[in-house]
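One structure below.
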Amino acid sequence: MERITAKYYIETPYNVEESAAVLAGEQSSGTFVSVPGETEELKKRFAAKVESTELLETADKPAIPGAVSSTGKYNRALIEVSWSIENFGYNIPALISTLQGNLYEIKQFTGLKLMDFQIPESYKNHFKGPCFGVNGSRKLTGVENRPLIGTIIKPSVGMTPQQTASLVSTLAEAGIDFVKDDELMASTTNSKFEDRVDAVMKVVNDYADKTGKKIMYAFNISEEIDTMLKRYEYVLKKGGTCAMISINSVGFSGVKKICDQGELAIHAHRNGWGMLNRHPLLGIEFPAYQKLWRLAGVDQLHVNGIQNKFWESDDSVVRSIESCLKPFLNEKTILPVVSSGQWGGQAPETYRRTHTTDLLYMAGGGIMAHPLGPAGGVVALKQAWEAAVDGLSVKEAGKKYKEFGKSIEKFSK
């Protein structure tokens, strides 16, 4: 049978090979003691296998609580473990329970992170992946040969539907490509979901009728599954092209149900990502994380940004962007969403590190707080990316472009 192979970064006070074997047993046919029925024939068919181990280094202190070392040393290693797909078939929750279940509870480990995994060919016949991805998002917005320029409605919560629509109108006239609800905005007492959709889509549709350019607005539909489906249909009925989901809050089954509808691009917000990844020896790395959500079918996924306002390193952001743009499943790539304290000043370094414009480049304050207003902010971001592709430095671009020069005055410190 076909197998799925996962790579883990582990820390253990014990022998690495023996600890890897404990993980393989716990996550398949075994438990802490031999039980009747666990025959050699059963184990041959269903037991996980340790495919490889690679000792990297030793540490003097454990990364997280677990077994105490008798030698004062903790071994760090990369291990690979594989499972027959007979164990879980094409069931994402069962797959995740296998790759990321009780193994985090095993006492033998004082550190464990899922780094990546490989799927067999047959998965391509059972999961269609993103319906839109990079190319579909470009087609829906009419943007080619540069990043999509986007922003977030700010203040995050508190604005009425009419105030939100007025801001969208300003952004539309400024030439914005993409606008989204903040992840904190779902349906509030003064901005009911349907009222907000009505007000915003009137602006979007009127502007499209006037200019031929249709802004992509990502309405946050995150809720219980039945309500999400109703909200999805409401956005579609009003002429919308995108829905946003807080994926860690909603969960894989709920997200996949929405993605399977296949008529709106799905903007996946990863709020809560820090609790899954921030510790270097606990959780999941982005290459594995984004594969799971591509199985569910999302089209756009947040990756943070270069020189961002959060904790994540530039190297991690670059790896995240690269992993989104690697073919997977049906060969469609998903659109990396660059955000978090971004303004045009990070564009040259982002392009230098990634050599791609297949991005949704979002700035909240970088647009809204521009000295020339939101319109100046949108123009400045487009100028920044033109300069980045042309190989100009931030200083050179500031001299060439008026609006971007004002961005430097405002944001460079």
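FYI, nothing fancy with the structure tokens labels: chains A, B, ... in order, residues from 1 per chain, ligands from 1 as they appear.
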Could you pull the residues within 12 Å of range 388-402 of chain A, counting only C-alpha atoms, minus those fewer than 5 positions along the same chain, as a PDB file with N, CA and C atoms, in the first residue's frame?
ATOM      1  N   ASN A 145       1.409  40.514 -13.520  1.00  0.00           N
ATOM      2  CA  ASN A 145       2.791  41.023 -13.563  1.00  0.00           C
ATOM      3  C   ASN A 145       3.182  41.912 -12.382  1.00  0.00           C
ATOM      4  N   ARG A 146       2.426  41.860 -11.309  1.00  0.00           N
ATOM      5  CA  ARG A 146       2.792  42.544 -10.069  1.00  0.00           C
ATOM      6  C   ARG A 146       2.008  41.902  -8.943  1.00  0.00           C
ATOM      7  N   PRO A 147       2.367  42.158  -7.690  1.00  0.00           N
ATOM      8  CA  PRO A 147       1.549  41.636  -6.596  1.00  0.00           C
ATOM      9  C   PRO A 147       0.170  42.280  -6.577  1.00  0.00           C
ATOM     10  N   TRP A 343       4.763  48.068   4.715  1.00  0.00           N
ATOM     11  CA  TRP A 343       4.608  49.262   3.883  1.00  0.00           C
ATOM     12  C   TRP A 343       5.548  49.045   2.700  1.00  0.00           C
ATOM     13  N   GLY A 344       5.642  49.982   1.811  1.00  0.00           N
ATOM     14  CA  GLY A 344       6.445  49.757   0.611  1.00  0.00           C
ATOM     15  C   GLY A 344       7.915  49.548   0.864  1.00  0.00           C
ATOM     16  N   GLY A 345       8.408  49.976   2.018  1.00  0.00           N
ATOM     17  CA  GLY A 345       9.826  49.855   2.302  1.00  0.00           C
ATOM     18  C   GLY A 345      10.350  48.436   2.353  1.00  0.00           C
ATOM     19  N   GLN A 346       9.468  47.453   2.605  1.00  0.00           N
ATOM     20  CA  GLN A 346       9.912  46.057   2.634  1.00  0.00           C
ATOM     21  C   GLN A 346       9.877  45.393   1.258  1.00  0.00           C
ATOM     22  N   ALA A 347       9.292  46.064   0.259  1.00  0.00           N
ATOM     23  CA  ALA A 347       9.139  45.441  -1.062  1.00  0.00           C
ATOM     24  C   ALA A 347      10.474  45.063  -1.708  1.00  0.00           C
ATOM     25  N   PRO A 348      11.489  45.952  -1.740  1.00  0.00           N
ATOM     26  CA  PRO A 348      12.753  45.546  -2.371  1.00  0.00           C
ATOM     27  C   PRO A 348      13.391  44.313  -1.748  1.00  0.00           C
ATOM     28  N   GLU A 349      13.384  44.240  -0.406  1.00  0.00           N
ATOM     29  CA  GLU A 349      13.977  43.076   0.256  1.00  0.00           C
ATOM     30  C   GLU A 349      13.130  41.826   0.028  1.00  0.00           C
ATOM     31  N   THR A 350      11.815  41.979   0.019  1.00  0.00           N
ATOM     32  CA  THR A 350      10.936  40.833  -0.245  1.00  0.00           C
ATOM     33  C   THR A 350      11.204  40.266  -1.636  1.00  0.00           C
ATOM     34  N   TYR A 351      11.316  41.140  -2.617  1.00  0.00           N
ATOM     35  CA  TYR A 351      11.566  40.671  -3.986  1.00  0.00           C
ATOM     36  C   TYR A 351      12.977  40.081  -4.109  1.00  0.00           C
ATOM     37  N   ARG A 352      13.943  40.703  -3.466  1.00  0.00           N
ATOM     38  CA  ARG A 352      15.314  40.186  -3.523  1.00  0.00           C
ATOM     39  C   ARG A 352      15.397  38.777  -2.950  1.00  0.00           C
ATOM     40  N   ARG A 353      14.642  38.528  -1.877  1.00  0.00           N
ATOM     41  CA  ARG A 353      14.707  37.219  -1.211  1.00  0.00           C
ATOM     42  C   ARG A 353      13.865  36.163  -1.905  1.00  0.00           C
ATOM     43  N   THR A 354      12.789  36.554  -2.581  1.00  0.00           N
ATOM     44  CA  THR A 354      11.847  35.560  -3.114  1.00  0.00           C
ATOM     45  C   THR A 354      11.795  35.503  -4.640  1.00  0.00           C
ATOM     46  N   HIS A 355      12.204  36.570  -5.308  1.00  0.00           N
ATOM     47  CA  HIS A 355      12.169  36.646  -6.776  1.00  0.00           C
ATOM     48  C   HIS A 355      10.788  36.327  -7.350  1.00  0.00           C
ATOM     49  N   THR A 356       9.757  36.796  -6.675  1.00  0.00           N
ATOM     50  CA  THR A 356       8.406  36.549  -7.183  1.00  0.00           C
ATOM     51  C   THR A 356       7.514  37.761  -6.927  1.00  0.00           C
ATOM     52  N   THR A 357       6.550  37.939  -7.817  1.00  0.00           N
ATOM     53  CA  THR A 357       5.478  38.914  -7.595  1.00  0.00           C
ATOM     54  C   THR A 357       4.146  38.197  -7.413  1.00  0.00           C
ATOM     55  N   PRO A 371       0.676  59.774   4.546  1.00  0.00           N
ATOM     56  CA  PRO A 371       0.496  61.231   4.656  1.00  0.00           C
ATOM     57  C   PRO A 371      -0.455  61.825   3.623  1.00  0.00           C
ATOM     58  N   LEU A 372      -0.570  61.177   2.460  1.00  0.00           N
ATOM     59  CA  LEU A 372      -1.476  61.662   1.419  1.00  0.00           C
ATOM     60  C   LEU A 372      -2.800  60.910   1.425  1.00  0.00           C
ATOM     61  N   GLY A 376      -2.935  57.830  -1.535  1.00  0.00           N
ATOM     62  CA  GLY A 376      -1.481  57.923  -1.626  1.00  0.00           C
ATOM     63  C   GLY A 376      -0.798  56.643  -1.199  1.00  0.00           C
ATOM     64  N   GLY A 377      -1.395  55.979  -0.204  1.00  0.00           N
ATOM     65  CA  GLY A 377      -0.823  54.721   0.264  1.00  0.00           C
ATOM     66  C   GLY A 377      -0.857  53.627  -0.779  1.00  0.00           C
ATOM     67  N   VAL A 379      -1.004  54.042  -4.108  1.00  0.00           N
ATOM     68  CA  VAL A 379      -0.067  54.416  -5.168  1.00  0.00           C
ATOM     69  C   VAL A 379       1.369  54.132  -4.734  1.00  0.00           C
ATOM     70  N   ALA A 380       1.679  54.448  -3.492  1.00  0.00           N
ATOM     71  CA  ALA A 380       3.037  54.241  -2.993  1.00  0.00           C
ATOM     72  C   ALA A 380       3.436  52.770  -3.000  1.00  0.00           C
ATOM     73  N   LEU A 381       2.505  51.888  -2.657  1.00  0.00           N
ATOM     74  CA  LEU A 381       2.811  50.451  -2.672  1.00  0.00           C
ATOM     75  C   LEU A 381       3.072  49.950  -4.091  1.00  0.00           C
ATOM     76  N   LYS A 382       2.276  50.408  -5.036  1.00  0.00           N
ATOM     77  CA  LYS A 382       2.510  50.015  -6.425  1.00  0.00           C
ATOM     78  C   LYS A 382       3.864  50.528  -6.901  1.00  0.00           C
ATOM     79  N   GLN A 383       4.201  51.752  -6.524  1.00  0.00           N
ATOM     80  CA  GLN A 383       5.507  52.313  -6.881  1.00  0.00           C
ATOM     81  C   GLN A 383       6.639  51.504  -6.249  1.00  0.00           C
ATOM     82  N   SER A 407       5.987  57.944   1.965  1.00  0.00           N
ATOM     83  CA  SER A 407       5.960  56.741   2.811  1.00  0.00           C
ATOM     84  C   SER A 407       7.237  56.623   3.617  1.00  0.00           C
ATOM     85  N   ILE A 408       8.354  56.900   2.980  1.00  0.00           N
ATOM     86  CA  ILE A 408       9.643  56.809   3.677  1.00  0.00           C
ATOM     87  C   ILE A 408       9.681  57.802   4.836  1.00  0.00           C
ATOM     88  N   GLU A 409       9.227  59.010   4.583  1.00  0.00           N
ATOM     89  CA  GLU A 409       9.191  60.015   5.650  1.00  0.00           C
ATOM     90  C   GLU A 409       8.340  59.559   6.839  1.00  0.00           C
ATOM     91  N   LYS A 410       7.240  58.868   6.544  1.00  0.00           N
ATOM     92  CA  LYS A 410       6.293  58.470   7.587  1.00  0.00           C
ATOM     93  C   LYS A 410       6.700  57.190   8.301  1.00  0.00           C
ATOM     94  N   PHE A 411       7.121  56.164   7.533  1.00  0.00           N
ATOM     95  CA  PHE A 411       7.238  54.815   8.090  1.00  0.00           C
ATOM     96  C   PHE A 411       8.654  54.295   8.295  1.00  0.00           C
ATOM     97  N   SER A 412       9.661  54.961   7.741  1.00  0.00           N
ATOM     98  CA  SER A 412      10.988  54.353   7.741  1.00  0.00           C
ATOM     99  C   SER A 412      11.579  54.207   9.137  1.00  0.00           C
TER     100      SER A 412
END
Could you pull out the residues in range 123-288 of chain A that DSSP calls strand (DSSP E or B) from the backbone, as a compact mmCIF listing (two decimals) with C-alpha atoms, in the first residue's frame?
# COMPACT_ATOMS: atom_id res chain seq x y z
CA LEU A 148 -2.09 42.18 -5.73
CA ILE A 149 -2.17 45.25 -3.48
CA GLY A 150 -4.52 44.89 -0.54
CA THR A 151 -5.51 46.30 2.80
CA ILE A 152 -7.55 45.54 5.91
CA PHE A 178 -8.13 43.63 -2.52
CA VAL A 179 -9.80 44.57 0.77
CA LYS A 180 -10.68 42.30 3.66
CA THR A 188 -21.28 42.75 15.34
CA SER A 191 -22.40 45.82 11.59
CA MET A 216 -11.91 41.48 -4.40
CA TYR A 217 -13.43 41.93 -0.94
CA ALA A 218 -12.90 39.08 1.53
CA PHE A 219 -15.91 38.95 3.85
CA ASN A 220 -15.23 37.10 7.10
CA CYS A 242 -14.06 35.99 -2.00
CA ALA A 243 -14.78 34.75 1.51
CA MET A 244 -12.39 34.81 4.45
CA ILE A 245 -12.15 32.10 7.09
CA SER A 246 -10.17 32.08 10.33
CA ALA A 265 -11.89 32.28 -3.62
CA ILE A 266 -11.11 31.33 -0.02
CA HIS A 267 -8.84 33.69 1.88
CA ALA A 268 -7.33 31.71 4.77
CA HIS A 269 -6.36 33.75 7.82
CA LEU A 282 7.01 22.37 19.55
CA GLY A 283 4.15 22.38 17.06
CA ILE A 284 4.30 22.45 13.27
Using CA of Lys154 in chain A and CA of Gly405 in chain A as the two end points, give the distance in Å to one decimal. 23.5 Å
Env of range 199-206 of chain A: 9 Å cut, atoms = only C-alpha atoms, seq-sep filter 5 positions within chain, self excluded. Answer as a list in words.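 Residues meeting the cut-off are Pro161, Gln162, Thr164, Ala165, Ser166, Val168, Ser169, Ala172, Glu194, Thr211, Lys213, Lys214, Ile215, Met216, Tyr217, Val235, Lys238, Gly239 and Gly240 of chain A.
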Step one, run DSSP on the backbone; step two, keep only residues of range 243-278 of chain A assigned to alpha helix (DSSP H); then write them as a list in words. Ile247, Asn248, Ser249, Val250, Phe252, Ser253, Gly254, Val255, Lys256, Lys257, Ile258, Cys259, Trp273, Gly274, Met275, Leu276 and Asn277 of chain A
Next, dump the selected residues to file, keeping only C-alpha atoms, as a short mmCIF file (atom, residue, chain, number, x, y, z; two decimals), in the first residue's frame.
data_model
loop_
_atom_site.label_atom_id
_atom_site.label_comp_id
_atom_site.auth_asym_id
_atom_site.auth_seq_id
_atom_site.Cartn_x
_atom_site.Cartn_y
_atom_site.Cartn_z
CA ILE A 247 -8.95 28.58 9.61
CA ASN A 248 -7.51 27.65 13.01
CA SER A 249 -10.76 28.67 14.68
CA VAL A 250 -13.07 26.90 12.23
CA PHE A 252 -10.30 21.46 8.78
CA SER A 253 -13.68 19.85 8.22
CA GLY A 254 -15.49 23.19 8.31
CA VAL A 255 -12.97 24.86 6.02
CA LYS A 256 -13.04 21.98 3.54
CA LYS A 257 -16.84 22.07 3.43
CA ILE A 258 -16.70 25.73 2.41
CA CYS A 259 -13.84 25.24 -0.07
CA TRP A 273 -0.43 30.64 14.22
CA GLY A 274 1.96 31.64 16.98
CA MET A 275 0.66 29.03 19.42
CA LEU A 276 1.30 26.35 16.77
CA ASN A 277 4.76 27.41 15.70
#
Counting only C-alpha atoms, what is within 10 Å of Tyr104 in chain A, bar same-chain residues fewer than 3 positions away, as a PyMOL selection string? chain A and resi 23+99-101+107-114+282-283
Using only C-alpha atoms, pick whichever of A:Ala208, A:Cys324, A:Leu295, A:Leu301 has the shortest atom-to-atom distance to Ile92 in chain A.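 Smallest separation from Ile92 in chain A among the options: A:Leu295.
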In Å, rounded to a single decimal, give me how far CA of Ser316 in chain A is from CA of Ala59 in chain A.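 Separation between CA of Ala59 in chain A and CA of Ser316 in chain A: 22.7 Å.
Rounded to one decimal, CA of His279 in chain A and CA of Asp116 in chain A lie 16.3 Å from each other.
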For Val157 in chain A, find every residue with an atom within 10 Å (counting only C-alpha atoms), except residues of its own chain fewer than 3 positions away, and show them as a list in words. Ile153, Lys154, Thr160, Asp181, Asp182, Glu183, Leu184, Met185, Ala186, Ser187, Thr188, Asn190 and Ser191 of chain A
Only N, CA and C atoms, please: the residues just picked out, written as a PDB file, in the first residue's frame.
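What ended up in again_19.pdb:
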ATOM      1  N   ILE A 153      -9.662  46.457   6.627  1.00  0.00           N
ATOM      2  CA  ILE A 153     -10.509  47.505   7.190  1.00  0.00           C
ATOM      3  C   ILE A 153     -10.060  47.816   8.620  1.00  0.00           C
ATOM      4  N   LYS A 154      -9.740  49.070   8.848  1.00  0.00           N
ATOM      5  CA  LYS A 154      -9.345  49.538  10.178  1.00  0.00           C
ATOM      6  C   LYS A 154     -10.147  50.792  10.512  1.00  0.00           C
ATOM      7  N   THR A 160     -19.614  51.109  11.166  1.00  0.00           N
ATOM      8  CA  THR A 160     -20.910  50.686  10.636  1.00  0.00           C
ATOM      9  C   THR A 160     -20.740  50.199   9.201  1.00  0.00           C
ATOM     10  N   ASP A 181     -12.180  42.115   5.526  1.00  0.00           N
ATOM     11  CA  ASP A 181     -12.560  42.303   6.920  1.00  0.00           C
ATOM     12  C   ASP A 181     -11.378  41.939   7.799  1.00  0.00           C
ATOM     13  N   ASP A 182     -11.249  42.593   8.933  1.00  0.00           N
ATOM     14  CA  ASP A 182     -10.311  42.127   9.936  1.00  0.00           C
ATOM     15  C   ASP A 182     -10.816  40.790  10.479  1.00  0.00           C
ATOM     16  N   GLU A 183      -9.891  39.956  10.950  1.00  0.00           N
ATOM     17  CA  GLU A 183     -10.308  38.650  11.473  1.00  0.00           C
ATOM     18  C   GLU A 183     -11.199  38.770  12.706  1.00  0.00           C
ATOM     19  N   LEU A 184     -11.155  39.924  13.371  1.00  0.00           N
ATOM     20  CA  LEU A 184     -12.002  40.131  14.548  1.00  0.00           C
ATOM     21  C   LEU A 184     -13.424  40.529  14.176  1.00  0.00           C
ATOM     22  N   MET A 185     -13.635  40.888  12.921  1.00  0.00           N
ATOM     23  CA  MET A 185     -14.949  41.338  12.472  1.00  0.00           C
ATOM     24  C   MET A 185     -15.701  40.198  11.795  1.00  0.00           C
ATOM     25  N   ALA A 186     -16.778  39.786  12.420  1.00  0.00           N
ATOM     26  CA  ALA A 186     -17.633  38.759  11.815  1.00  0.00           C
ATOM     27  C   ALA A 186     -19.026  39.343  11.600  1.00  0.00           C
ATOM     28  N   SER A 187     -19.784  39.447  12.687  1.00  0.00           N
ATOM     29  CA  SER A 187     -21.096  40.090  12.634  1.00  0.00           C
ATOM     30  C   SER A 187     -21.331  40.725  13.992  1.00  0.00           C
ATOM     31  N   THR A 188     -21.188  42.048  14.067  1.00  0.00           N
ATOM     32  CA  THR A 188     -21.277  42.753  15.339  1.00  0.00           C
ATOM     33  C   THR A 188     -22.633  43.436  15.479  1.00  0.00           C
ATOM     34  N   ASN A 190     -23.382  46.473  15.586  1.00  0.00           N
ATOM     35  CA  ASN A 190     -23.598  47.636  14.716  1.00  0.00           C
ATOM     36  C   ASN A 190     -23.150  47.398  13.275  1.00  0.00           C
ATOM     37  N   SER A 191     -22.771  46.158  12.964  1.00  0.00           N
ATOM     38  CA  SER A 191     -22.397  45.820  11.585  1.00  0.00           C
ATOM     39  C   SER A 191     -22.768  44.368  11.324  1.00  0.00           C
TER      40      SER A 191
END
Proximity to Ala387 in chain A - best of A:Val68, A:Phe404, A:Glu41, A:Glu80, only C-alpha atoms: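 The answer is A:Phe404, which sits nearest to Ala387 in chain A.
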